[in-house]
Amino acid sequence: MEFSVNTQAVAYLVSAILFIFALKGLTHPASARRGNFYGMLGMVIAVAATLLGHEVRSYGFIIAGVAGGAVIGTILAMRIQMTAMPQLVAALHSFVGLAAVLVAIGTFINTGHPGAVMMGELSAGVIIGAITCTGSVIAFGKLQGLLSGAPVKFTGQHLLNAALGIATIGLGVHFAMTGAVWALAIMTLLAFVIGVTLIIPIGGADMPVVISMLNSYSGWAAAATGFTLHNNLLIIVGALVGFSGAILSFIMCKAMNRSIINVVFGGFGSGDETGDPSAGAQAAQRGVKSSSVEDAVYWMEDANKVIIIPGYGMAVAQAQHSCKELMEQLEARGVEVRFAIHPVAGRMPGHMNVLLAEADIPYDRVLEMDEINPEFPGADVALVVGANDVVNPAAKEDKTSPIYGMPILEAGKARQVFFLKRSMRPGYSGVDNLLFYRENTSLVFGDAKDTIEGMVNALKGSAH
């Protein structure tokens with residue numbers, strides 16, 4: 001069975017519509033499952049239409065590739081922890097970029113010099129794909145802890161990036177006009193280098209935005225591949241991914257009160273700013289208060305409202321299910337419980353939402369920053385589970401802080417704040433948290449999951 005050109009075009013159109021519905025469904029947790037279903041169905045139709053198209057002459061290599069990918073993908077899906085999802089996403093972005101590079105080079109080898117327009121498309125595919133590939137590898141290394149999360153900066157860095165960019169584009173134009181193999185080789189190498197030099201100066205606090213940006217890059221790489229292969233669906237899907245990733249990056253930068261340019265070139269997260277003594281350094285001299293599980297339970301069981309703020313520490317401890325039990329125990333006592341989500345909490349967009357959904361926490365209990373911030377002054381307890389930078393008052397009060405100006409969850413306005421922390425180490429940005437030193441803040445040290453399970457057991461015991 002072989003699809004005609006018209007039948008394939010209709011199948012691609014149906015797939016594109018399903019992908020749009022998938023994006024629409026993924027805009028809210030309640031419709032996310034339906035959105036995922038639409039996306040999977042669209043991909044099944046797209047793959048089937050491509051394999052049954054007239055362009056495919058042999059299935060040997062295709063079957064081998066699909067089988068190998070399916071085995072690797074299945075093993076990864078079964079073994080991957082939710083805490084490692086951000087770096088997995090970064091790794092997958094690198095594959096998309098590398099695929100774009102290989103497709104462009106393979107097309108050039110098979111067709112020779114197909115004309116200036118298509119050669120320009122090949123150049124774009126190689127440049128975008130190579131930058132996406134190595135940039136994603138660096139992001140993976142930072143998230144996995146193989147590389148330091150601090151920005152790597154050196155004198156003349158921006159000039160170097162500008163020179164590399166101009167040289168790469170120049171070689172791309174030369175390659176498109178002449179088909180010179182040496183220009184393709186050097187252009188590809190420089191694009192791989194740019195991917196490294198663009199991402200290494202970006203600090204840990206900006207990693208969620210970086211992941212979103214790389215997602216956008218991977219979309220443009222896919223679109224460039226679509227032009228190369230004359231595949232309309234790849235162009236459509238690549239544009240959808242490219243624009244959605246760019247829009248998400250803009251939204252997240254707005255939530256951090258930063259610009260995309262500031263993220264890419266700012267080197268945020270080093271924690272080595274100079275100037276007047278920071279408020280953090282002054283507050284550190286006053287020490288912090290440490291509390292026990294029993295102290296926190298005493299406050300929460302008599303509270304009217306408790307707001308739980310999850311962060312990456314919750315993901316590391318896999319404490320989301322314990323948070324669900326804590327919510328149920330408190331609600332059984334008539335306590336109103338809400339979860340507060342900051343747009344850049346965790347290591348990737350939506351990280352905390354996914355974890356809470358995994359624990360079957362009702363969507364109406366989970367509120368975004370703008371919705372929940374007005375409720376903090378009326379909350380008796382704010383329970384911070386492994387979050388840090390997203391509740392740091394330094395963003396509002398310390399003009400020397402690198403996170404100054406970033407909107408935060410205003411946990412400090414609650415009557416009492418309990419921080420669940422393993423140690424006094426700062427967050428991923430490396431910035432000391434002024435909230436630690438407030439009169440209404442106490443730290444409960446230990447593994448978040450063990451601590452919350454202790455709270456749940458204490459609440460169960462007090463019920464008898």
# chains A, B, ... in the order shown; residues from 1 in each chain; ligands from 1
>>> select_by_dssp(residues="stretch 216-420 of chain A", states="alpha helix (DSSP H)", output="NGL selection string")
:A and (216-229 or 232-255 or 260-266 or 279-284 or 293-301 or 312-317 or 320-332 or 351-358 or 369-372 or 394-397)
>>> residues_around(residues="stretch 411-419 of chain A", least_positions_apart="2", cutoff="8 Å", atoms="only C-alpha atoms", output="list of chain:residue names")
A:Ala296, A:Asn373, A:Phe376, A:Pro377, A:Gly378, A:Ala379, A:Asp380, A:Val381, A:Ala382, A:Leu383, A:Val384, A:Val385, A:Gly386, A:Val391, A:Pro393, A:Leu409, A:Lys421, A:Leu435, A:Phe436, A:Arg438, A:Asn440, A:Thr441, A:Ser442, A:Leu443, A:Val444
>>> closest_residue(among="A:Val5, A:Cys253, A:Val10, A:Ala130", to="A:Glu55", atoms="only C-alpha atoms")
A:Val5
>>> residues_around(residues="stretch 73-85 of chain A", least_positions_apart="2", cutoff="8 Å", atoms="only C-alpha atoms", output="PyMOL selection string")
chain A and resi 69-71+87-89+144+312+315-316+318+355
>>> write_last_selection(atoms="C-alpha atoms", output="short mmCIF file (atom, residue, chain, number, x, y, z; two decimals), in the first residue's frame")
data_model
loop_
_atom_site.label_atom_id
_atom_site.label_comp_id
_atom_site.auth_asym_id
_atom_site.auth_seq_id
_atom_site.Cartn_x
_atom_site.Cartn_y
_atom_site.Cartn_z
CA GLY A 69 15.32 3.82 19.05
CA ALA A 70 12.34 2.01 20.56
CA VAL A 71 14.59 -0.18 22.70
CA GLN A 87 18.31 16.88 31.72
CA LEU A 88 16.55 14.19 29.68
CA VAL A 89 14.67 16.90 27.80
CA GLN A 144 23.21 16.56 35.67
CA TYR A 312 13.49 21.18 43.28
CA ALA A 315 11.64 16.55 43.31
CA VAL A 316 14.99 15.25 44.60
CA GLN A 318 10.40 12.40 45.64
CA LEU A 355 5.15 16.19 40.01
#
>>> residues_around(residues="stretch 34-41 of chain A", least_positions_apart="2", cutoff="6 Å", atoms="only C-alpha atoms", output="PyMOL selection string")
chain A and resi 18-19+22+25-26+31-32+43-44
>>> atom_distance(atom1="atom CA of A:Ala49", atom2="atom CA of A:Leu234")
12.5 Å
>>> closest_residue(among="A:Gly313, A:Gly68, A:Gly129, A:Pro29", to="A:Leu102", atoms="only C-alpha atoms")
A:Gly129
>>> residues_around(residues="A:Ser462", least_positions_apart="5", cutoff="10 Å", atoms="only C-alpha atoms", output="list in words")
Val297, Tyr298, Glu301, Val456 and Asn457 of chain A
>>> closest_residue(among="A:Leu122, A:Ile308, A:Ile138, A:Ala223", to="A:Met177", atoms="only C-alpha atoms")
A:Leu122
>>> closest_residue(among="A:Ile169, A:Met213, A:Leu326, A:Arg347", to="A:Lys142", atoms="only C-alpha atoms")
A:Arg347
>>> residues_around(residues="stretch 182-186 of chain A", least_positions_apart="3", cutoff="10 Å", atoms="only C-alpha atoms", output="PDB file with C-alpha atoms, in the first residue's frame")
ATOM      1  CA  ILE A 105      24.811  17.087   5.186  1.00  0.00           C
ATOM      2  CA  PHE A 108      24.039  17.748   0.160  1.00  0.00           C
ATOM      3  CA  LEU A 122      20.960  23.406   4.191  1.00  0.00           C
ATOM      4  CA  SER A 123      23.156  26.089   5.760  1.00  0.00           C
ATOM      5  CA  VAL A 126      23.325  22.924   9.870  1.00  0.00           C
ATOM      6  CA  ILE A 127      23.843  26.143  11.855  1.00  0.00           C
ATOM      7  CA  ALA A 167      32.048  34.000  10.544  1.00  0.00           C
ATOM      8  CA  THR A 168      29.487  31.189  10.635  1.00  0.00           C
ATOM      9  CA  GLY A 170      29.494  34.298   6.208  1.00  0.00           C
ATOM     10  CA  LEU A 171      30.572  30.718   5.611  1.00  0.00           C
ATOM     11  CA  GLY A 172      26.922  29.717   5.292  1.00  0.00           C
ATOM     12  CA  VAL A 173      26.391  32.292   2.553  1.00  0.00           C
ATOM     13  CA  HIS A 174      29.587  31.211   0.790  1.00  0.00           C
ATOM     14  CA  PHE A 175      28.549  27.564   0.983  1.00  0.00           C
ATOM     15  CA  ALA A 176      25.087  28.377  -0.391  1.00  0.00           C
ATOM     16  CA  THR A 178      29.489  27.881  -4.179  1.00  0.00           C
ATOM     17  CA  GLY A 179      28.830  24.510  -2.532  1.00  0.00           C
ATOM     18  CA  LEU A 189      32.474  23.192  13.389  1.00  0.00           C
ATOM     19  CA  LEU A 190      31.994  26.869  14.304  1.00  0.00           C
ATOM     20  CA  ALA A 191      28.257  26.342  14.880  1.00  0.00           C
ATOM     21  CA  PHE A 192      29.048  23.501  17.285  1.00  0.00           C
TER      22      PHE A 192
END
>>> residues_around(residues="A:Val209", least_positions_apart="4", cutoff="8 Å", atoms="only C-alpha atoms", output="list in words")
Met213, Ser249, Met252, Cys253, Val263, Val344, Met348 and Pro349 of chain A
>>> atom_distance(atom1="atom CA of A:Glu397", atom2="atom CA of A:Val306")
25.1 Å
>>> closest_residue(among="A:Cys323, A:Ser290, A:Ser94, A:Thr155", to="A:Gly219", atoms="only C-alpha atoms")
A:Ser94
>>> select_by_dssp(residues="stretch 151-356 of chain A", states="strand (DSSP E)", output="JSON, numbers by chain")
{"A": [305, 306, 307, 308, 309, 310, 336, 337, 338, 339, 340, 341]}
